[in-house]
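A short write-up of the structure that comes next.
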Amino acid sequence: MNAIGDQGRSIVTTRRRDAQVLRPDARVVPVGMFSAAESVDYLRDRLSVPAGPSAPTDAELADLAAALGHFPLALSQAAAFLIDSRTSAAAYRRLLDDRRERLVDLFPSSSRADGHDRTVASTWQLAAQRAAVLAKPGTAQRMLGLVSVLAPEGVPQDVVLTAAACDWVGGTPREALAALRALHRLSLVTHDGATVATHALVQRAVLETVPEQAALAEAAADALEQAWAADGGGRLAALFDSVAALRRAAGEQLWRGGMHPVLRRVGEYLLGLGRTAAAREAVGTLLRQARECLGEQHRDVLFLRMQLACADGELGELAQAHGELVEVCREARRLLGADHPDTFEMRLNEARQRLDLGAVMDALADLVILVDDASAVLGARHLTVLVARRSIALCRGLSGDPDAARAGCAEIVADLAESMGPARLDTLIAMSQLGRWVGETGDAEGAVRTYAEAVAGLAEAVGRLHHETLSARHNLAYWRALAGRPAEAVHEFTIAAADAQAALGPRHPTTLTFQANLAYWRGRSGAAAEQELAAVGAVVGEVMGLDRPRMLRIRQPLAELRHDGGDPAGAVVDLTEVLADMRRVQGAAHPRTQEAVALLAHWSELPTRQGQGTRSA
């Protein structure tokens, strides 16, 4: 704080940021963390002393500074410790990573920082004592413990004001908020009204003093689960980060009596983002923990096996995934019972995997029975029932009844909007599916309007780069092209393909689908795009294999471009080969196979044909 008075200028440093400090006649200059460059410069200069430790590289200094969160006091005291103990920067970095090491030993009072009497391990304690008198007794300390197991870079305020959080803190939401503000006033947290951030070193120091580690972990997990269930999709990334932070801090404490429900969100969230490989890795880790902590026949093990199989299916291992889901359903009926919610969800995923294998009518029959069974137990508007109804609509559309698919999707959108709200992620996903069947009934302009509404809602709810938003943007451009505006579609495909590459990576299936349709519609607009589409197909072949359904869906448009480019005989040869592979890989009854059959028959009658490109999966 920089204050000017009659006798001159005064500079006062303080951790406080409350009404007594924030005055119109005082100029407050916040002093935050060092930048990355400032941290390295400081450490390099401070460690360049005679008889000090061996000179570390800039890379080692940058790594150490990042581990210390660029906290000036921590950097200063770490440098003093390195000099006094002749420890190398790399060795000290390894000590920091070892959670068995206590901060009081890593920042000992015997190695004082530049001009500071207190250490990193003790400075926060004085601030916490002062914060404690500004709130209901006990609440500030327990609130500080709660935020210390969540994401340091910021957790939504609503998490620490949920019923579970307030129960842990020991106060009403108003009293919990007062405790949060007390911590903010003493700079232990930064609370901007929407999020709460805490320095990682403060978190670690606090956790080393919390006696009720298991109870704290359970309270934090309950708070995250309540916040996640209430969220419409806009803060899921921040909630996921806090779940990851809690897993690092709590370890096996989240497995007492079973896997905490919030851990079920991990794979679900990553799959929803299209990060299938990451989902498979994360669920595989959870499954190993579940087997170690709970045994092979626990319900959570079955649930994680289901999630792992779903990820395998998304990665192209369709038959293997379906076989695992059949086995999981059998085990669930035996161990949990036919009416258990998990059993219904496993049956849903098994039927959807059967659909992906091309057995549309078999999947439809299974799903109709599932909806009847689950509605009687869970209620007609349970999410499992609504997702099953969405899959029924998809089956009916793929089996040749787009009118029934459109009507079914419209009913689901209305039910979700009424029960969950029109801006909820599940509602918007259903609206996106509706757009497809509006178009398939012959109303391309209606599909454009429906997808445009879905894209706007998804962008508002989860952002323009979320996987669901990208998929809807893809389909909006696709139907805009079929509505007779290919130039606009190419423009949208170009922007969205670049966004997908930035968000998901250049070899992600969604990115490749964008690139395939971009090349296809460029070709339909007169550009020479066969080589571009062939290049995309080559990458798909490398990523997913030549026999994967997505690869087959790219080879078909390639044949279409060849046909429209003036080589109908060569196009017939190409499509005949694709059709043979489709029959072998996904079966003769698969809708995509039937589409290729119809196209090949059509080519025998007409010299050219308006193609349709590659739909999103």
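Chain labels follow the order of the structure tokens: the first chain is A, the next B, and so on; residue numbering restarts at 1 in every chain, and ligands are counted from 1 in their shown order.
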Secondary structure check, helix (DSSP H, G or I) residues of region 122-304 of chain A, as a PyMOL selection string: chain A and resi 122-132+139-147+157-161+163-169+173-185+200-207+213-230+236-255+261-272+276-294+299-304
Which polymer residues have any atom within 7 Å of an atom of region 359-368 of chain A, counting only C-alpha atoms, with same-chain residues fewer than 2 positions away left out, as a VMD selection string? chain A and resid 348 351 to 352 354 to 355 357 370 to 372 388 392 395 399 590
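Interatomic distance, CA of Glu252 (chain A) to CA of Arg288 (chain A): 12.1 Å.
Pairwise distance (CA of His298 (chain A), CA of Val266 (chain A)) equals 18.6 Å.
Distance annotation: of A:Asp499, A:Asp63, A:Glu38, A:Asp97, the residue with the minimal separation from Arg248 (chain A) is A:Asp97; atom set is only C-alpha atoms.
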Find the spatial neighbours of Ala589 (chain A), counting only C-alpha atoms, within a cut-off of 7 Å - ignore same-chain residues fewer than 4 positions away - and output them as a VMD selection string. chain A and resid 358 593 to 594
Extract, using only C-alpha atoms, all DNA, RNA and protein residues at most 7 Å from Pro152 (chain A), discarding same-chain residues fewer than 5 positions from it, and format them as JSON, numbers by chain. {"A": [197, 198, 199, 200]}
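Closest to Leu425 (chain A) among A:Met346, A:Ala559, A:Val385, A:Ala229 is A:Ala229, based on only C-alpha atoms.
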Find the spatial neighbours of Phe303 (chain A), counting only C-alpha atoms, within a cut-off of 9 Å - ignore same-chain residues fewer than 5 positions away - and output them as a PyMOL selection string. chain A and resi 264+298+308+328+332+342-343+345-346
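Closest approach to Gly442 (chain A) from the set A:Leu335, A:Ala483, A:Leu61, A:Ile429 is made by A:Ala483, with distances taken over only C-alpha atoms.
Taking CA of Val149 (chain A) and CA of Ala223 (chain A) as the two end points, the separation is 11.6 Å.
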Residue nearest Glu218 (chain A) - candidates A:Gly272, A:Gly537, A:Gly193, A:Gly258, atoms counted: only C-alpha atoms: A:Gly258
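Near Gln320 (chain A), within 12 Å and counting only C-alpha atoms, sit Leu308, Ala309, Cys310, Ala311, Asp312, Gly313, Glu314, Leu315, Gly316, Glu317, Leu318, His322, Gly323, Glu324, Leu325, Val326, Glu327, Glu350, Gln353, Arg354 and Leu357 of chain A; same-chain residues fewer than 2 positions away were not included.
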For all heavy atoms, I'd like the residues from the last selection saved as a compact mmCIF listing (two decimals), in the first residue's frame.
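Below is the file that was written, out.txt:
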# COMPACT_ATOMS: atom_id res chain seq x y z
N LEU A 308 -14.52 -48.99 -19.37
CA LEU A 308 -13.34 -49.35 -20.14
C LEU A 308 -13.76 -49.97 -21.48
O LEU A 308 -13.16 -49.67 -22.52
CB LEU A 308 -12.47 -50.33 -19.35
CG LEU A 308 -11.07 -50.59 -19.89
CD1 LEU A 308 -10.24 -49.32 -19.89
CD2 LEU A 308 -10.39 -51.67 -19.05
N ALA A 309 -14.78 -50.81 -21.45
CA ALA A 309 -15.26 -51.41 -22.69
C ALA A 309 -15.82 -50.35 -23.63
O ALA A 309 -15.62 -50.42 -24.85
CB ALA A 309 -16.32 -52.46 -22.39
N CYS A 310 -16.52 -49.36 -23.09
CA CYS A 310 -17.05 -48.28 -23.93
C CYS A 310 -15.91 -47.52 -24.60
O CYS A 310 -16.00 -47.15 -25.78
CB CYS A 310 -17.91 -47.34 -23.09
SG CYS A 310 -19.48 -48.04 -22.55
N ALA A 311 -14.84 -47.27 -23.86
CA ALA A 311 -13.68 -46.59 -24.45
C ALA A 311 -13.05 -47.45 -25.54
O ALA A 311 -12.67 -46.94 -26.60
CB ALA A 311 -12.66 -46.27 -23.36
N ASP A 312 -12.95 -48.77 -25.31
CA ASP A 312 -12.41 -49.66 -26.33
C ASP A 312 -13.25 -49.59 -27.60
O ASP A 312 -12.72 -49.59 -28.71
CB ASP A 312 -12.37 -51.09 -25.81
CG ASP A 312 -11.23 -51.32 -24.81
OD1 ASP A 312 -10.26 -50.54 -24.84
OD2 ASP A 312 -11.32 -52.27 -24.02
N GLY A 313 -14.58 -49.56 -27.43
CA GLY A 313 -15.45 -49.47 -28.58
C GLY A 313 -15.24 -48.19 -29.36
O GLY A 313 -15.20 -48.19 -30.60
N GLU A 314 -15.07 -47.08 -28.63
CA GLU A 314 -14.83 -45.80 -29.29
C GLU A 314 -13.50 -45.81 -30.04
O GLU A 314 -13.34 -45.11 -31.04
CB GLU A 314 -14.82 -44.67 -28.26
CG GLU A 314 -16.20 -44.33 -27.70
CD GLU A 314 -17.07 -43.64 -28.74
OE1 GLU A 314 -16.54 -42.89 -29.57
OE2 GLU A 314 -18.29 -43.90 -28.74
N LEU A 315 -12.56 -46.60 -29.56
CA LEU A 315 -11.25 -46.69 -30.21
C LEU A 315 -11.24 -47.69 -31.36
O LEU A 315 -10.21 -47.91 -31.97
CB LEU A 315 -10.18 -47.06 -29.19
CG LEU A 315 -9.85 -45.95 -28.17
CD1 LEU A 315 -8.97 -46.48 -27.06
CD2 LEU A 315 -9.19 -44.76 -28.85
N GLY A 316 -12.40 -48.30 -31.63
CA GLY A 316 -12.50 -49.17 -32.79
C GLY A 316 -12.53 -50.65 -32.49
O GLY A 316 -12.74 -51.46 -33.39
N GLU A 317 -12.33 -51.04 -31.23
CA GLU A 317 -12.35 -52.46 -30.87
C GLU A 317 -13.79 -52.90 -30.61
O GLU A 317 -14.17 -53.25 -29.48
CB GLU A 317 -11.46 -52.72 -29.65
CG GLU A 317 -10.01 -52.30 -29.84
CD GLU A 317 -9.30 -53.14 -30.89
OE1 GLU A 317 -9.76 -54.26 -31.18
OE2 GLU A 317 -8.30 -52.66 -31.45
N LEU A 318 -14.62 -52.89 -31.66
CA LEU A 318 -16.06 -53.05 -31.48
C LEU A 318 -16.44 -54.43 -30.96
O LEU A 318 -17.20 -54.56 -30.00
CB LEU A 318 -16.77 -52.77 -32.81
CG LEU A 318 -16.56 -51.37 -33.41
CD1 LEU A 318 -17.27 -51.25 -34.75
CD2 LEU A 318 -17.05 -50.31 -32.45
N HIS A 322 -17.96 -55.26 -27.28
CA HIS A 322 -19.29 -55.84 -27.11
C HIS A 322 -19.23 -57.13 -26.29
O HIS A 322 -20.08 -57.36 -25.41
CB HIS A 322 -19.93 -56.12 -28.47
CG HIS A 322 -21.31 -56.70 -28.37
ND1 HIS A 322 -21.59 -58.02 -28.65
CD2 HIS A 322 -22.48 -56.14 -27.96
CE1 HIS A 322 -22.88 -58.25 -28.44
NE2 HIS A 322 -23.44 -57.13 -28.01
N GLY A 323 -18.23 -57.95 -26.56
CA GLY A 323 -18.10 -59.17 -25.78
C GLY A 323 -17.91 -58.90 -24.29
O GLY A 323 -18.50 -59.57 -23.44
N GLU A 324 -17.10 -57.88 -23.96
CA GLU A 324 -16.90 -57.51 -22.56
C GLU A 324 -18.18 -56.98 -21.95
O GLU A 324 -18.50 -57.30 -20.79
CB GLU A 324 -15.77 -56.48 -22.47
CG GLU A 324 -15.55 -55.90 -21.08
CD GLU A 324 -15.02 -56.88 -20.06
OE1 GLU A 324 -14.80 -58.08 -20.42
OE2 GLU A 324 -14.80 -56.47 -18.90
N LEU A 325 -18.94 -56.20 -22.69
CA LEU A 325 -20.19 -55.65 -22.15
C LEU A 325 -21.22 -56.74 -21.92
O LEU A 325 -21.99 -56.69 -20.95
CB LEU A 325 -20.73 -54.58 -23.09
CG LEU A 325 -19.96 -53.25 -23.07
CD1 LEU A 325 -20.39 -52.35 -24.23
CD2 LEU A 325 -20.16 -52.53 -21.74
N VAL A 326 -21.28 -57.73 -22.78
CA VAL A 326 -22.18 -58.86 -22.56
C VAL A 326 -21.84 -59.56 -21.25
O VAL A 326 -22.71 -59.89 -20.44
CB VAL A 326 -22.11 -59.84 -23.75
CG1 VAL A 326 -22.84 -61.15 -23.41
CG2 VAL A 326 -22.72 -59.21 -25.00
N GLU A 327 -20.53 -59.78 -21.02
CA GLU A 327 -20.10 -60.44 -19.79
C GLU A 327 -20.38 -59.58 -18.57
O GLU A 327 -20.81 -60.09 -17.52
CB GLU A 327 -18.60 -60.75 -19.89
CG GLU A 327 -17.99 -61.35 -18.63
CD GLU A 327 -18.57 -62.72 -18.28
OE1 GLU A 327 -19.15 -63.37 -19.16
OE2 GLU A 327 -18.43 -63.12 -17.11
N GLU A 350 -24.43 -51.98 -23.65
CA GLU A 350 -24.31 -53.20 -24.45
C GLU A 350 -25.17 -53.08 -25.72
O GLU A 350 -24.73 -53.44 -26.83
CB GLU A 350 -24.73 -54.42 -23.64
CG GLU A 350 -24.49 -55.75 -24.31
CD GLU A 350 -25.61 -56.18 -25.25
OE1 GLU A 350 -26.78 -55.90 -24.94
OE2 GLU A 350 -25.31 -56.80 -26.29
N GLN A 353 -23.54 -50.69 -28.14
CA GLN A 353 -22.41 -51.30 -28.81
C GLN A 353 -22.88 -52.26 -29.89
O GLN A 353 -22.27 -52.36 -30.97
CB GLN A 353 -21.56 -52.04 -27.79
CG GLN A 353 -20.17 -52.38 -28.28
CD GLN A 353 -19.33 -51.14 -28.53
OE1 GLN A 353 -19.21 -50.30 -27.68
NE2 GLN A 353 -18.77 -51.02 -29.72
N ARG A 354 -23.98 -52.94 -29.63
CA ARG A 354 -24.57 -53.83 -30.65
C ARG A 354 -24.99 -53.01 -31.87
O ARG A 354 -24.80 -53.43 -33.02
CB ARG A 354 -25.77 -54.55 -30.05
CG ARG A 354 -26.34 -55.67 -30.94
CD ARG A 354 -27.63 -56.19 -30.32
NE ARG A 354 -27.38 -56.81 -29.04
CZ ARG A 354 -27.34 -58.12 -28.83
NH1 ARG A 354 -27.50 -58.93 -29.85
NH2 ARG A 354 -27.15 -58.61 -27.64
N LEU A 357 -22.11 -52.19 -34.03
CA LEU A 357 -21.70 -53.33 -34.83
C LEU A 357 -22.59 -53.55 -36.05
O LEU A 357 -22.30 -54.40 -36.89
CB LEU A 357 -21.69 -54.59 -33.98
CG LEU A 357 -20.50 -54.75 -33.02
CD1 LEU A 357 -20.77 -55.86 -32.01
CD2 LEU A 357 -19.22 -55.03 -33.80
The residue from A:Val169, A:Ala79, A:Ala569, A:Ala534 with the smallest atom-to-atom distance to Tyr520 (chain A), counting only C-alpha atoms, is A:Ala534
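Of the residues listed (A:Val202, A:Leu273, A:Val377, A:Met582), A:Leu273 shows the shortest atom-to-atom separation from Leu504 (chain A); distances use only C-alpha atoms.
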